[in-house]
file run-v5.pdb (PDB, C-alpha atoms, pLDDT in the B column)
ATOM      1  CA  MET A  29       0.000   0.000   0.000  1.00 37.00           C
ATOM      2  CA  LYS A  30       2.839   2.428   0.857  1.00 38.00           C
ATOM      3  CA  SER A  31       4.405   1.905  -2.560  1.00 39.00           C
ATOM      4  CA  PHE A  32       1.055   2.525  -4.254  1.00 32.00           C
ATOM      5  CA  VAL A  33       0.502   5.749  -2.337  1.00 36.00           C
ATOM      6  CA  LYS A  34       3.982   6.988  -3.296  1.00 41.00           C
ATOM      7  CA  LYS A  35       3.386   6.070  -6.926  1.00 40.00           C
ATOM      8  CA  ALA A  36      -0.021   7.746  -6.982  1.00 41.00           C
ATOM      9  CA  ALA A  37       1.378  10.863  -5.345  1.00 45.00           C
ATOM     10  CA  LEU A  38       4.056  10.998  -8.015  1.00 43.00           C
ATOM     11  CA  ALA A  39       1.367  10.678 -10.693  1.00 44.00           C
ATOM     12  CA  THR A  40      -0.549  13.544  -9.128  1.00 46.00           C
ATOM     13  CA  ALA A  41       2.533  15.747  -9.174  1.00 47.00           C
ATOM     14  CA  LEU A  42       3.307  14.731 -12.734  1.00 41.00           C
ATOM     15  CA  ALA A  43      -0.235  15.544 -13.862  1.00 44.00           C
ATOM     16  CA  SER A  44      -0.092  18.963 -12.250  1.00 45.00           C
ATOM     17  CA  SER A  45       3.285  19.829 -13.768  1.00 42.00           C
ATOM     18  CA  ALA A  46       2.284  18.481 -17.179  1.00 40.00           C
ATOM     19  CA  ILE A  47      -0.845  20.607 -17.220  1.00 41.00           C
ATOM     20  CA  SER A  48       1.127  23.702 -16.244  1.00 40.00           C
ATOM     21  CA  ALA A  49       3.741  22.978 -18.900  1.00 37.00           C
ATOM     22  CA  SER A  50       1.037  22.610 -21.527  1.00 37.00           C
ATOM     23  CA  ALA A  51      -0.412  26.006 -20.710  1.00 37.00           C
ATOM     24  CA  ALA A  52       3.047  27.621 -20.679  1.00 34.00           C
ATOM     25  CA  THR A  53       4.118  26.239 -24.032  1.00 32.00           C
ATOM     26  CA  THR A  54       0.865  26.792 -25.904  1.00 33.00           C
ATOM     27  CA  GLY A  55      -0.106  30.122 -24.360  1.00 34.00           C
ATOM     28  CA  THR A  56      -3.650  28.834 -23.811  1.00 36.00           C
ATOM     29  CA  THR A  57      -5.634  28.201 -20.694  1.00 38.00           C
ATOM     30  CA  ALA A  58      -8.241  25.790 -22.035  1.00 51.00           C
ATOM     31  CA  LYS A  59      -8.028  24.704 -25.678  1.00 60.00           C
ATOM     32  CA  ASN A  60      -5.227  22.145 -25.383  1.00 75.00           C
ATOM     33  CA  GLU A  61      -5.564  21.164 -21.726  1.00 84.00           C
ATOM     34  CA  PRO A  62      -7.212  17.875 -20.790  1.00 93.00           C
ATOM     35  CA  THR A  63     -10.802  17.907 -19.583  1.00 97.00           C
ATOM     36  CA  VAL A  64     -12.132  15.120 -17.382  1.00 98.00           C
ATOM     37  CA  VAL A  65     -15.635  13.984 -18.294  1.00 98.00           C
ATOM     38  CA  LEU A  66     -17.290  11.831 -15.629  1.00 98.00           C
ATOM     39  CA  VAL A  67     -20.123   9.383 -16.381  1.00 98.00           C
ATOM     40  CA  HIS A  68     -22.177   8.041 -13.484  1.00 98.00           C
ATOM     41  CA  GLY A  69     -23.581   4.548 -13.178  1.00 98.00           C
ATOM     42  CA  ALA A  70     -27.060   3.188 -12.592  1.00 98.00           C
ATOM     43  CA  PHE A  71     -29.184   4.332  -9.630  1.00 97.00           C
ATOM     44  CA  SER A  72     -27.329   7.654  -9.393  1.00 97.00           C
ATOM     45  CA  ASP A  73     -26.561  10.908 -11.177  1.00 96.00           C
ATOM     46  CA  GLY A  74     -23.638  13.272 -11.670  1.00 97.00           C
ATOM     47  CA  SER A  75     -23.505  14.042  -7.947  1.00 96.00           C
ATOM     48  CA  ALA A  76     -21.958  10.595  -7.452  1.00 97.00           C
ATOM     49  CA  TRP A  77     -18.676  12.315  -8.368  1.00 98.00           C
ATOM     50  CA  SER A  78     -19.074  15.182  -5.883  1.00 97.00           C
ATOM     51  CA  LYS A  79     -16.131  14.056  -3.740  1.00 98.00           C
ATOM     52  CA  VAL A  80     -13.783  13.527  -6.703  1.00 98.00           C
ATOM     53  CA  ILE A  81     -14.563  16.711  -8.630  1.00 98.00           C
ATOM     54  CA  PRO A  82     -13.004  19.171  -6.129  1.00 98.00           C
ATOM     55  CA  LEU A  83      -9.801  17.101  -6.047  1.00 98.00           C
ATOM     56  CA  LEU A  84      -9.468  17.304  -9.818  1.00 98.00           C
ATOM     57  CA  GLN A  85     -10.386  20.974  -9.933  1.00 98.00           C
ATOM     58  CA  ALA A  86      -7.703  21.662  -7.315  1.00 97.00           C
ATOM     59  CA  GLN A  87      -5.184  20.509  -9.950  1.00 95.00           C
ATOM     60  CA  GLY A  88      -6.484  23.125 -12.378  1.00 95.00           C
ATOM     61  CA  LEU A  89      -8.522  20.703 -14.454  1.00 96.00           C
ATOM     62  CA  LYS A  90     -11.814  21.391 -16.155  1.00 97.00           C
ATOM     63  CA  VAL A  91     -14.323  18.747 -15.052  1.00 98.00           C
ATOM     64  CA  VAL A  92     -17.723  17.885 -16.516  1.00 98.00           C
ATOM     65  CA  ALA A  93     -20.128  15.480 -14.806  1.00 98.00           C
ATOM     66  CA  VAL A  94     -22.633  14.120 -17.315  1.00 98.00           C
ATOM     67  CA  GLN A  95     -26.269  13.837 -16.213  1.00 98.00           C
ATOM     68  CA  ASN A  96     -27.518  10.762 -18.049  1.00 98.00           C
ATOM     69  CA  PRO A  97     -31.268   9.997 -18.053  1.00 98.00           C
ATOM     70  CA  LEU A  98     -30.812   6.209 -17.635  1.00 98.00           C
ATOM     71  CA  THR A  99     -33.821   5.676 -19.902  1.00 98.00           C
ATOM     72  CA  SER A 100     -31.904   3.633 -22.493  1.00 98.00           C
ATOM     73  CA  LEU A 101     -28.303   2.986 -23.458  1.00 98.00           C
ATOM     74  CA  ALA A 102     -28.857   4.980 -26.654  1.00 98.00           C
ATOM     75  CA  ASP A 103     -30.148   7.963 -24.665  1.00 98.00           C
ATOM     76  CA  ASP A 104     -27.216   7.817 -22.274  1.00 98.00           C
ATOM     77  CA  VAL A 105     -24.666   7.523 -25.075  1.00 98.00           C
ATOM     78  CA  ALA A 106     -26.268  10.455 -26.918  1.00 98.00           C
ATOM     79  CA  THR A 107     -26.186  12.602 -23.768  1.00 98.00           C
ATOM     80  CA  THR A 108     -22.544  11.723 -23.133  1.00 98.00           C
ATOM     81  CA  LYS A 109     -21.615  12.442 -26.752  1.00 98.00           C
ATOM     82  CA  ARG A 110     -23.158  15.900 -26.500  1.00 98.00           C
ATOM     83  CA  ALA A 111     -20.940  16.590 -23.507  1.00 98.00           C
ATOM     84  CA  LEU A 112     -17.891  15.353 -25.424  1.00 98.00           C
ATOM     85  CA  GLU A 113     -18.703  17.386 -28.531  1.00 96.00           C
ATOM     86  CA  ALA A 114     -18.835  20.526 -26.384  1.00 96.00           C
ATOM     87  CA  GLN A 115     -15.163  20.168 -25.438  1.00 96.00           C
ATOM     88  CA  THR A 116     -12.405  21.914 -27.377  1.00 92.00           C
ATOM     89  CA  GLY A 117      -9.412  19.893 -26.207  1.00 94.00           C
ATOM     90  CA  PRO A 118      -8.434  16.335 -25.245  1.00 97.00           C
ATOM     91  CA  VAL A 119     -10.699  14.414 -22.876  1.00 98.00           C
ATOM     92  CA  VAL A 120     -10.125  11.743 -20.249  1.00 98.00           C
ATOM     93  CA  LEU A 121     -13.460   9.914 -20.140  1.00 98.00           C
ATOM     94  CA  VAL A 122     -14.335   8.196 -16.850  1.00 98.00           C
ATOM     95  CA  GLY A 123     -17.186   5.762 -16.218  1.00 98.00           C
ATOM     96  CA  HIS A 124     -18.487   4.072 -13.080  1.00 98.00           C
ATOM     97  CA  SER A 125     -20.332   0.741 -13.130  1.00 98.00           C
ATOM     98  CA  TYR A 126     -22.977   0.862 -15.920  1.00 98.00           C
ATOM     99  CA  GLY A 127     -21.257   4.089 -16.975  1.00 98.00           C
ATOM    100  CA  GLY A 128     -18.467   1.855 -18.267  1.00 98.00           C
ATOM    101  CA  VAL A 129     -20.832   0.585 -20.956  1.00 98.00           C
ATOM    102  CA  VAL A 130     -21.663   4.181 -21.879  1.00 98.00           C
ATOM    103  CA  ILE A 131     -18.017   5.241 -22.225  1.00 98.00           C
ATOM    104  CA  THR A 132     -17.213   2.083 -24.163  1.00 98.00           C
ATOM    105  CA  GLU A 133     -19.787   3.142 -26.764  1.00 98.00           C
ATOM    106  CA  ALA A 134     -19.342   6.929 -26.612  1.00 98.00           C
ATOM    107  CA  GLY A 135     -15.567   6.965 -26.188  1.00 98.00           C
ATOM    108  CA  SER A 136     -14.876   6.731 -29.904  1.00 96.00           C
ATOM    109  CA  ASP A 137     -15.378  10.514 -30.043  1.00 96.00           C
ATOM    110  CA  GLU A 138     -12.260  12.213 -31.399  1.00 95.00           C
ATOM    111  CA  HIS A 139     -11.830  14.311 -28.250  1.00 95.00           C
ATOM    112  CA  VAL A 140     -11.400  11.226 -26.056  1.00 98.00           C
ATOM    113  CA  LYS A 141      -7.753  10.291 -25.567  1.00 97.00           C
ATOM    114  CA  SER A 142      -8.054   7.810 -22.705  1.00 98.00           C
ATOM    115  CA  LEU A 143     -10.631   5.912 -20.663  1.00 98.00           C
ATOM    116  CA  VAL A 144     -10.885   5.230 -16.933  1.00 98.00           C
ATOM    117  CA  TYR A 145     -13.166   2.456 -15.698  1.00 98.00           C
ATOM    118  CA  VAL A 146     -14.150   2.654 -12.019  1.00 98.00           C
ATOM    119  CA  ALA A 147     -15.558  -0.714 -10.890  1.00 98.00           C
ATOM    120  CA  ALA A 148     -17.188  -0.638 -14.304  1.00 98.00           C
ATOM    121  CA  TYR A 149     -18.405  -2.874 -17.076  1.00 98.00           C
ATOM    122  CA  ALA A 150     -16.202  -2.870 -20.175  1.00 98.00           C
ATOM    123  CA  PRO A 151     -18.058  -4.954 -22.749  1.00 98.00           C
ATOM    124  CA  GLY A 152     -16.642  -6.163 -26.028  1.00 98.00           C
ATOM    125  CA  GLU A 153     -18.327  -5.729 -29.380  1.00 98.00           C
ATOM    126  CA  GLY A 154     -21.868  -7.130 -29.345  1.00 98.00           C
ATOM    127  CA  GLN A 155     -21.871  -7.647 -25.569  1.00 98.00           C
ATOM    128  CA  SER A 156     -24.217  -6.390 -22.863  1.00 98.00           C
ATOM    129  CA  ILE A 157     -24.038  -6.312 -19.074  1.00 98.00           C
ATOM    130  CA  ALA A 158     -26.256  -9.410 -19.008  1.00 98.00           C
ATOM    131  CA  ASP A 159     -23.785 -11.206 -21.272  1.00 98.00           C
ATOM    132  CA  LEU A 160     -20.850 -10.278 -19.038  1.00 98.00           C
ATOM    133  CA  ASN A 161     -22.610 -11.388 -15.842  1.00 98.00           C
ATOM    134  CA  LYS A 162     -23.933 -14.728 -17.071  1.00 96.00           C
ATOM    135  CA  ASP A 163     -20.864 -16.796 -16.170  1.00 95.00           C
ATOM    136  CA  TYR A 164     -20.530 -15.365 -12.657  1.00 97.00           C
ATOM    137  CA  PRO A 165     -22.575 -15.739  -9.447  1.00 96.00           C
ATOM    138  CA  THR A 166     -25.348 -13.194  -9.129  1.00 96.00           C
ATOM    139  CA  PRO A 167     -24.007 -10.291  -7.024  1.00 96.00           C
ATOM    140  CA  ALA A 168     -25.586 -10.111  -3.565  1.00 97.00           C
ATOM    141  CA  GLY A 169     -26.867  -6.590  -4.142  1.00 97.00           C
ATOM    142  CA  PHE A 170     -29.145  -7.695  -6.972  1.00 97.00           C
ATOM    143  CA  SER A 171     -31.500  -9.186  -4.366  1.00 97.00           C
ATOM    144  CA  GLU A 172     -32.330  -5.618  -3.250  1.00 98.00           C
ATOM    145  CA  LEU A 173     -33.414  -4.333  -6.674  1.00 98.00           C
ATOM    146  CA  VAL A 174     -37.044  -3.243  -6.989  1.00 98.00           C
ATOM    147  CA  ALA A 175     -38.802  -2.784 -10.341  1.00 97.00           C
ATOM    148  CA  ASP A 176     -41.748  -0.464 -10.940  1.00 97.00           C
ATOM    149  CA  LYS A 177     -44.536  -1.258 -13.402  1.00 97.00           C
ATOM    150  CA  ARG A 178     -42.571   0.338 -16.254  1.00 97.00           C
ATOM    151  CA  GLY A 179     -39.490  -1.783 -15.621  1.00 97.00           C
ATOM    152  CA  PHE A 180     -37.355   0.907 -13.973  1.00 98.00           C
ATOM    153  CA  LEU A 181     -35.141  -0.338 -11.154  1.00 98.00           C
ATOM    154  CA  THR A 182     -34.088   1.150  -7.829  1.00 98.00           C
ATOM    155  CA  LEU A 183     -32.224  -0.189  -4.817  1.00 98.00           C
ATOM    156  CA  THR A 184     -33.723  -0.445  -1.354  1.00 98.00           C
ATOM    157  CA  LEU A 185     -32.066   1.406   1.506  1.00 98.00           C
ATOM    158  CA  ASP A 186     -30.582  -1.921   2.628  1.00 98.00           C
ATOM    159  CA  GLY A 187     -29.354  -2.448  -0.903  1.00 98.00           C
ATOM    160  CA  VAL A 188     -27.447   0.833  -0.775  1.00 98.00           C
ATOM    161  CA  SER A 189     -26.153   0.571   2.789  1.00 98.00           C
ATOM    162  CA  LYS A 190     -25.221  -3.131   2.743  1.00 98.00           C
ATOM    163  CA  TYR A 191     -24.269  -3.841  -0.861  1.00 98.00           C
ATOM    164  CA  LEU A 192     -23.765  -0.739  -3.012  1.00 98.00           C
ATOM    165  CA  ALA A 193     -21.850   1.402  -0.531  1.00 98.00           C
ATOM    166  CA  GLN A 194     -21.263  -0.536   2.664  1.00 98.00           C
ATOM    167  CA  ASP A 195     -18.119   1.494   3.403  1.00 98.00           C
ATOM    168  CA  VAL A 196     -19.729   4.939   3.649  1.00 98.00           C
ATOM    169  CA  SER A 197     -21.478   6.502   6.635  1.00 97.00           C
ATOM    170  CA  PRO A 198     -25.151   5.649   7.311  1.00 97.00           C
ATOM    171  CA  GLU A 199     -26.002   9.282   6.559  1.00 98.00           C
ATOM    172  CA  GLN A 200     -24.252   9.133   3.187  1.00 97.00           C
ATOM    173  CA  ALA A 201     -25.966   5.836   2.328  1.00 98.00           C
ATOM    174  CA  ALA A 202     -29.366   7.278   3.232  1.00 98.00           C
ATOM    175  CA  LEU A 203     -28.683  10.282   1.002  1.00 97.00           C
ATOM    176  CA  MET A 204     -27.658   8.027  -1.884  1.00 97.00           C
ATOM    177  CA  ALA A 205     -30.817   5.954  -1.481  1.00 97.00           C
ATOM    178  CA  ALA A 206     -33.058   9.014  -1.361  1.00 97.00           C
ATOM    179  CA  THR A 207     -31.538  10.697  -4.419  1.00 95.00           C
ATOM    180  CA  GLN A 208     -31.010   7.682  -6.662  1.00 96.00           C
ATOM    181  CA  LYS A 209     -32.280   7.866 -10.230  1.00 96.00           C
ATOM    182  CA  PRO A 210     -34.415   4.918 -11.425  1.00 98.00           C
ATOM    183  CA  THR A 211     -32.743   2.950 -14.208  1.00 98.00           C
ATOM    184  CA  ASN A 212     -34.438   1.171 -17.096  1.00 98.00           C
ATOM    185  CA  GLY A 213     -33.806  -2.538 -16.582  1.00 98.00           C
ATOM    186  CA  LYS A 214     -33.516  -3.003 -20.355  1.00 98.00           C
ATOM    187  CA  ASN A 215     -30.292  -0.964 -20.309  1.00 98.00           C
ATOM    188  CA  PHE A 216     -28.493  -3.997 -18.920  1.00 98.00           C
ATOM    189  CA  GLU A 217     -29.477  -6.061 -21.959  1.00 98.00           C
ATOM    190  CA  GLU A 218     -28.401  -3.555 -24.624  1.00 98.00           C
ATOM    191  CA  LYS A 219     -25.262  -4.399 -26.577  1.00 98.00           C
ATOM    192  CA  VAL A 220     -22.428  -2.107 -27.641  1.00 98.00           C
ATOM    193  CA  GLY A 221     -20.821  -1.680 -31.040  1.00 97.00           C
ATOM    194  CA  VAL A 222     -17.080  -1.359 -31.611  1.00 97.00           C
ATOM    195  CA  PRO A 223     -15.630  -0.630 -28.142  1.00 98.00           C
ATOM    196  CA  ALA A 224     -13.589   2.529 -27.667  1.00 98.00           C
ATOM    197  CA  TRP A 225     -11.046   0.696 -25.507  1.00 98.00           C
ATOM    198  CA  LYS A 226      -9.756  -1.074 -28.611  1.00 97.00           C
ATOM    199  CA  THR A 227      -8.063   2.133 -29.743  1.00 96.00           C
ATOM    200  CA  LYS A 228      -7.805   4.213 -26.533  1.00 97.00           C
ATOM    201  CA  PRO A 229      -5.465   3.568 -23.568  1.00 97.00           C
ATOM    202  CA  SER A 230      -7.419   2.536 -20.499  1.00 98.00           C
ATOM    203  CA  TRP A 231      -7.173   2.477 -16.715  1.00 98.00           C
ATOM    204  CA  TYR A 232      -9.262   0.235 -14.462  1.00 98.00           C
ATOM    205  CA  ILE A 233     -10.006   0.467 -10.736  1.00 98.00           C
ATOM    206  CA  VAL A 234     -10.950  -2.917  -9.299  1.00 98.00           C
ATOM    207  CA  ALA A 235     -13.102  -2.720  -6.142  1.00 98.00           C
ATOM    208  CA  GLU A 236     -12.140  -5.679  -3.946  1.00 98.00           C
ATOM    209  CA  HIS A 237     -15.240  -5.650  -1.721  1.00 98.00           C
ATOM    210  CA  ASP A 238     -17.825  -5.122  -4.437  1.00 98.00           C
ATOM    211  CA  PHE A 239     -21.275  -6.696  -3.968  1.00 98.00           C
ATOM    212  CA  MET A 240     -22.753  -5.253  -7.173  1.00 98.00           C
ATOM    213  CA  LEU A 241     -20.159  -6.277  -9.787  1.00 98.00           C
ATOM    214  CA  GLN A 242     -18.137  -9.378  -9.066  1.00 98.00           C
ATOM    215  CA  PRO A 243     -14.476  -8.452  -8.395  1.00 98.00           C
ATOM    216  CA  ALA A 244     -13.397 -11.545 -10.341  1.00 98.00           C
ATOM    217  CA  LEU A 245     -15.272 -10.228 -13.376  1.00 98.00           C
ATOM    218  CA  GLN A 246     -13.687  -6.811 -12.911  1.00 98.00           C
ATOM    219  CA  GLU A 247     -10.244  -8.388 -13.036  1.00 98.00           C
ATOM    220  CA  VAL A 248     -11.125 -10.227 -16.257  1.00 98.00           C
ATOM    221  CA  LEU A 249     -12.511  -7.068 -17.842  1.00 98.00           C
ATOM    222  CA  ALA A 250      -9.400  -5.088 -16.901  1.00 98.00           C
ATOM    223  CA  LYS A 251      -7.229  -7.770 -18.494  1.00 98.00           C
ATOM    224  CA  ASN A 252      -9.401  -7.922 -21.617  1.00 98.00           C
ATOM    225  CA  ILE A 253      -8.948  -4.208 -22.299  1.00 98.00           C
ATOM    226  CA  SER A 254      -5.215  -4.244 -21.421  1.00 98.00           C
ATOM    227  CA  ALA A 255      -5.815  -1.602 -18.765  1.00 98.00           C
ATOM    228  CA  HIS A 256      -3.464  -0.109 -16.220  1.00 98.00           C
ATOM    229  CA  VAL A 257      -4.953  -1.698 -13.089  1.00 98.00           C
ATOM    230  CA  VAL A 258      -5.268  -0.324  -9.568  1.00 98.00           C
ATOM    231  CA  THR A 259      -7.014  -2.394  -6.889  1.00 98.00           C
ATOM    232  CA  LEU A 260      -8.746  -0.688  -3.965  1.00 98.00           C
ATOM    233  CA  PRO A 261     -10.219  -2.279  -0.802  1.00 98.00           C
ATOM    234  CA  SER A 262     -13.587  -0.639  -1.409  1.00 98.00           C
ATOM    235  CA  SER A 263     -17.256  -1.179  -2.084  1.00 98.00           C
ATOM    236  CA  HIS A 264     -18.818  -0.668  -5.513  1.00 98.00           C
ATOM    237  CA  THR A 265     -18.557   3.103  -5.000  1.00 98.00           C
ATOM    238  CA  PRO A 266     -14.875   3.936  -4.414  1.00 98.00           C
ATOM    239  CA  GLN A 267     -15.465   7.414  -5.860  1.00 98.00           C
ATOM    240  CA  ILE A 268     -17.477   8.123  -2.702  1.00 98.00           C
ATOM    241  CA  SER A 269     -15.636   6.085  -0.064  1.00 98.00           C
ATOM    242  CA  GLN A 270     -12.082   6.617  -1.384  1.00 98.00           C
ATOM    243  CA  PRO A 271     -12.260   9.705  -3.624  1.00 98.00           C
ATOM    244  CA  ALA A 272      -8.576  10.637  -3.212  1.00 98.00           C
ATOM    245  CA  GLU A 273      -7.464   7.234  -4.519  1.00 98.00           C
ATOM    246  CA  VAL A 274      -9.854   7.445  -7.468  1.00 98.00           C
ATOM    247  CA  ALA A 275      -8.674  10.969  -8.265  1.00 98.00           C
ATOM    248  CA  LYS A 276      -5.055   9.763  -8.293  1.00 98.00           C
ATOM    249  CA  VAL A 277      -5.836   7.178 -10.952  1.00 98.00           C
ATOM    250  CA  ILE A 278      -7.677   9.739 -13.075  1.00 98.00           C
ATOM    251  CA  LEU A 279      -4.693  12.072 -12.709  1.00 98.00           C
ATOM    252  CA  GLU A 280      -2.386   9.327 -13.972  1.00 97.00           C
ATOM    253  CA  ALA A 281      -4.491   9.151 -17.144  1.00 97.00           C
ATOM    254  CA  VAL A 282      -4.492  12.958 -17.393  1.00 97.00           C
ATOM    255  CA  ALA A 283      -0.708  13.040 -17.049  1.00 95.00           C
ATOM    256  CA  GLU A 284      -0.296  10.643 -19.971  1.00 93.00           C
ATOM    257  CA  VAL A 285      -2.603  12.742 -22.145  1.00 91.00           C
ATOM    258  CA  ALA A 286      -0.890  15.998 -21.122  1.00 85.00           C
ATOM    259  CA  LYS A 287       2.525  14.645 -22.179  1.00 82.00           C
ATOM    260  CA  LYS A 288       1.364  14.106 -25.766  1.00 74.00           C
TER
END
call {"tool": "encode", "arguments": {"input": "run-v5.pdb", "output": "structure tokens"}}
result
Amino acid sequence: MKSFVKKAALATALASSAISASAATTGTTAKNEPTVVLVHGAFSDGSAWSKVIPLLQAQGLKVVAVQNPLTSLADDVATTKRALEAQTGPVVLVGHSYGGVVITEAGSDEHVKSLVYVAAYAPGEGQSIADLNKDYPTPAGFSELVADKRGFLTLTLDGVSKYLAQDVSPEQAALMAATQKPTNGKNFEEKVGVPAWKTKPSWYIVAEHDFMLQPALQEVLAKNISAHVVTLPSSHTPQISQPAEVAKVILEAVAEVAKK
């Protein structure tokens, strides 16, 4: 752990100096500097990144948190693409959980230079979340999913506090449960086209104590996309329980983009 912290701290310093060097050599303050675009997962919205965003902004980065409707994969990809098209410089595109499917599909945008998967699905061409899960035990948290009459899913309070985010405070879990966004269950059956990770360098954060996406599957996905892998002792929501560690990984990706 000590060696990881030292390495991550070095990456943070490198990212900061690379960004400053970019501005100094180009004479710009925005056009050629990396922007971090954050894509939330199911049962949440852009506020899921509220603890990570200030850490990235403190390094002088522009950050955009996409607000996806979770009504269909196509809708979420279209919303994310609009956010990407609005950028004028290189983008590090980050996705959590189901958001990994979204960035896999939307990440082919020319602005995107690298991808960061945070305890996220990274499907291959023609694959869906259902396809990826079929060879693994059903995650414990799935037992706490509730569907309404239109097929939109939410998690119970127990589902959030015991399985989605068991390593956050009870107050934080209650807030997450109260503000969650219902997700169309059909989203998990929709397949992606040519995955962006085939042509973009990727990072992957594996959550060791994840009850929503099997850690063993995460490790396989990270290997499949040839990602730089960091493993954290966290729940399915490390961006909330360990935001500094997640920010360090994002900054590593930013540093690589800033050097080019």
call {"tool": "atom_distance", "arguments": {"input": "run-v5.pdb", "atom1": "CA of Leu245 in chain A", "atom2": "CA of Ala281 in chain A"}}
result
22.5 Å
call {"tool": "resolve_selection", "arguments": {"input": "run-v5.pdb", "expression": "the PyMOL selection byres ((chain A and resi 188) around 12)", "output": "PyMOL selection string"}}
result
chain A and resi 71-72+168-173+182-187+189-208+238-240+263-265
call {"tool": "resolve_selection", "arguments": {"input": "run-v5.pdb", "expression": "the PyMOL selection byres ((chain A and resi 62) around 10)", "output": "number ranges by chain"}}
result
A: 47, 50, 58-61, 63-65, 88-91, 115-120, 139-141, 281-283, 285-286
call {"tool": "atom_distance", "arguments": {"input": "run-v5.pdb", "atom1": "CA of Pro271 in chain A", "atom2": "CA of His124 in chain A"}}
result
12.6 Å
call {"tool": "residues_near_point", "arguments": {"input": "run-v5.pdb", "point": "(-21.9, 2.8, -19.3)", "cutoff": "9 Å", "atoms": "only C-alpha atoms", "output": "PyMOL selection string"}}
result
chain A and resi 67-70+101+104-105+123-134+148-150
call {"tool": "closest_residue", "arguments": {"input": "run-v5.pdb", "among": "A:Ser230, A:Gln242, A:Ser75, A:Gln95", "to": "Tyr145 in chain A", "atoms": "all atoms listed in the file"}}
result
A:Ser230
call {"tool": "closest_residue", "arguments": {"input": "run-v5.pdb", "among": "A:Asp73, A:Glu153, A:Glu247, A:Glu284", "to": "Glu218 in chain A", "atoms": "all atoms listed in the file"}}
result
A:Glu153
call {"tool": "atom_distance", "arguments": {"input": "run-v5.pdb", "atom1": "CA of Lys109 in chain A", "atom2": "CA of Ala224 in chain A"}}
result
12.8 Å
call {"tool": "closest_residue", "arguments": {"input": "run-v5.pdb", "among": "A:Gly179, A:Pro82, A:Pro165, A:Pro266", "to": "Phe216 in chain A", "atoms": "all atoms listed in the file"}}
result
A:Gly179
call {"tool": "residues_around", "arguments": {"input": "run-v5.pdb", "residues": "Phe180 in chain A", "least_positions_apart": "4", "cutoff": "9 Å", "atoms": "all atoms listed in the file", "output": "PyMOL selection string"}}
result
chain A and resi 99+174-176+210-214
call {"tool": "closest_residue", "arguments": {"input": "run-v5.pdb", "among": "A:Ala147, A:Ala93, A:Asp159, A:Lys219", "to": "Val274 in chain A", "atoms": "all atoms listed in the file"}}
result
A:Ala147
call {"tool": "residues_near_point", "arguments": {"input": "run-v5.pdb", "point": "(-9.4, 7.7, -5.4)", "cutoff": "12 Å", "atoms": "only C-alpha atoms", "output": "ChimeraX atom specification"}}
result
/A:32-33,36-37,40,77,79-81,83-84,144,146-147,232-235,258-262,265-280
